[in-house]
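J.: Can you read through this structure? Questions will come right after.
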Amino acid sequence: MSKQAVLKLDDNEFAFPTIEGVEDEKAVDFRSLRSTTGYVAYDEGYGNTGSCQSEITFIDGEAGILRYRGIPIEQLAEQSDFLESSYMILYGDLPSQSQLHEFRSRVRDNAAVSPLMAEALKGFAADAPPMGVLGSMLGALSCYNPELATNDRAVDLENFDQAAAVAIAQTATAAALAFRSSQGKEGNAPDPSLSFGDNFLHLMFSEKGQPYEAIPEVSRALDLMLLLHADHEQNCSTSTVRMVASGGANLFASVAAGSAALWGPAHGGANMAVIKMLEEIRASGDDGSSFIEEAKSGQSGKRLMGFGHRVYKNFDPRAKIIGKACEELLDKMGIDDPCLDIARNLEQAALADDYFVSRNLYPNVDFYSGIVLRALGIPADMFTVMFAIGRMPGWVANWREIAMNPKMKINRPRQIYQGPALRDYVPMESRG
Ligand SMILES: CC(C)(COP(=O)(O)OP(=O)(O)OC[C@H]1O[C@@H](n2cnc3c(N)ncnc32)[C@H](O)[C@@H]1OP(=O)(O)O)[C@@H](O)C(=O)NCCC(=O)NCCS
């Protein structure tokens, strides 16, 4: 029998069951709170709300732990790759050789977007923001693949393998199309002989008579970047995907909503903000120390971008991995990036500073991912799009978890109304 939590309200006591996760996370099950007490749980920002029970990703923010389907991110970064980890995130277990082969083929064979969709892209303004274009194209997948997006759960689940491959593969293709169109260039056709990451770089950078030449270090860094972003539990965009999915919407509509949620600077836009900050520090001639002081004072409204996390109150394990990969990549490619020196100074200074230490502010994944992306030749306004390509397997897996749950209810939080109390309509002629 699970422990009970007792809530005392006025002179009455109410008992609520508790739930324990496999890693000892504890929750009070308040689902009957309103019907038994007349109260609702108030938790603006959802910092204390478990919105679901999920089997996909585990995070222990205090200990700096991240695991996909139970496997530590460090092991996956070392031994797996983006598509293999994606398979596991989607389906629950590491694939056999034949399962992986089939999955890779399905992703590869679905990389080309419909010619009609590529044509539609030309209707966007040349300076359209890449995330705006990507979100529109993700939503439009349901228009060009209507058989995969029926909003009939049984049919959509039957077609899940195909729809998941389309979502993962065509996000990358649509992202590259958005980039090329912003440059006034025609899109490239996917190259099925290339790995997922190399194909993306080819889609972005191949020119007529000048095909993109894959560099192993670059391929590995891109794949690692995508793998590290593949899922992250109930963040803002993933929760959005689940919210939309809970209403019965198809996969493409749900992930399009997720991409809109990712767009904001507090979520997927932080990697861009890190580069902007490092560039500004460089341009001002500061080595980082004045900026640290400004960020601490809080008066300039500046924050040390890439530091701090709502969940991690310790090192973000992804930051450790990508920080190391970043150094290796720049070394191997012979890139001398002054922004990296500033980033190192900032990191060292902040980790030794009581302001940051006492608030548990450690580097997060965005601190280094911007530098890696820059070294790969990806422009800053594409950084959030890169995050979306990486996060797609997580969004898809979360959609599937909702779709496969026969007891799933539509997600519908409540509110505490604080507007005007009951009042009468005043006809126009009587208004002052
Ligand atoms: C990620 C973030 C939004 C998490 O915020 P949070 O957990 O809600 O923490 P809060 O905003 O409540 O901040 C707690 C304290 O730390 C300070 N703080 C948090 N992040 C800070 C940063 N990056 N630089 C300077 N001070 C920071 C706050 O000013 C606050 O100080 P106070 O207690 O004296 O008022 C926040 O750390 C941040 O803005 N980081 C920079 C942006 C970023 O890298 N985002 C990517 C996240 S993956």
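Residues are referred to by chain and number: the chain letter is A, B, ... according to the order shown in the structure tokens, the number counts from 1 in that chain, and ligands are numbered separately from 1 in the order shown.
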Near Val218 (chain A), within 12 Å and counting only C-alpha atoms, which residues show up once chain neighbours fewer than 6 positions away are dropped, as a list in words?
T.: Gly197, Asp198, Phe200, Leu201, Tyr212, Leu224, Met225, Ala325, Cys326, Glu328, Leu329, Leu330, Asp331, Lys332, Met333, Val372, Leu373, Arg374, Ala375, Leu376, Gly377 and Ile378 of chain A
J.: Which chains and residue numbers are within 9 Å of ligand 1, counting only C-alpha atoms and all ligand atoms, if I want them as an NGL selection string?
T.: :A and (265-271 or 273-274 or 292 or 294-298 or 302-313 or 316 or 355-356 or 358-367)
J.: Do a neighbour search on Tyr68 (chain A) at 12 Å with only C-alpha atoms, toss out local chain neighbours closer than 3 positions, and write the hits as a PyMOL selection string.
T.: chain A and resi 54-59+65+71-77+80+82+84-94+227-233+393-394+397
J.: Which one is closest to Ala257 (chain A): A:Ala388, A:Phe196, A:Cys143, A:Pro129? Count only C-alpha atoms.
T.: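 Using only C-alpha atoms, the shortest distance to Ala257 (chain A) belongs to A:Ala388.
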J.: Would you mind telling me which residue in A:Ser98, A:Gly247, A:Cys52, A:Ile322 lies nearest to Asn398 (chain A) when using only C-alpha atoms?
T.: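 Selected residue with least distance to Asn398 (chain A): A:Cys52.
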J.: Which residues are close to Ala349 (chain A), i.e. within 10 Å by only C-alpha atoms, leaving aside same-chain residues fewer than 5 positions away? Reply as a short mmCIF file (atom, residue, chain, number, x, y, z; two decimals) with C-alpha atoms, in the first residue's frame.
T.:
data_model
loop_
_atom_site.label_atom_id
_atom_site.label_comp_id
_atom_site.auth_asym_id
_atom_site.auth_seq_id
_atom_site.Cartn_x
_atom_site.Cartn_y
_atom_site.Cartn_z
CA GLY A 288 34.46 38.28 -19.63
CA SER A 289 35.14 39.58 -16.12
CA ILE A 292 30.21 38.60 -15.04
CA ALA A 343 33.50 31.11 -22.93
CA ARG A 344 36.28 29.31 -21.04
CA ASP A 354 29.94 32.58 -4.86
CA PHE A 356 26.78 31.49 -9.20
#
J.: Per DSSP on the backbone, filter region 161-344 of chain A down to the residues in alpha helix (DSSP H) and report them as a ChimeraX atom specification.
T.: /A:161-182,196-205,216-228,236-246,251-262,270-284,289-297,317-332,338-344
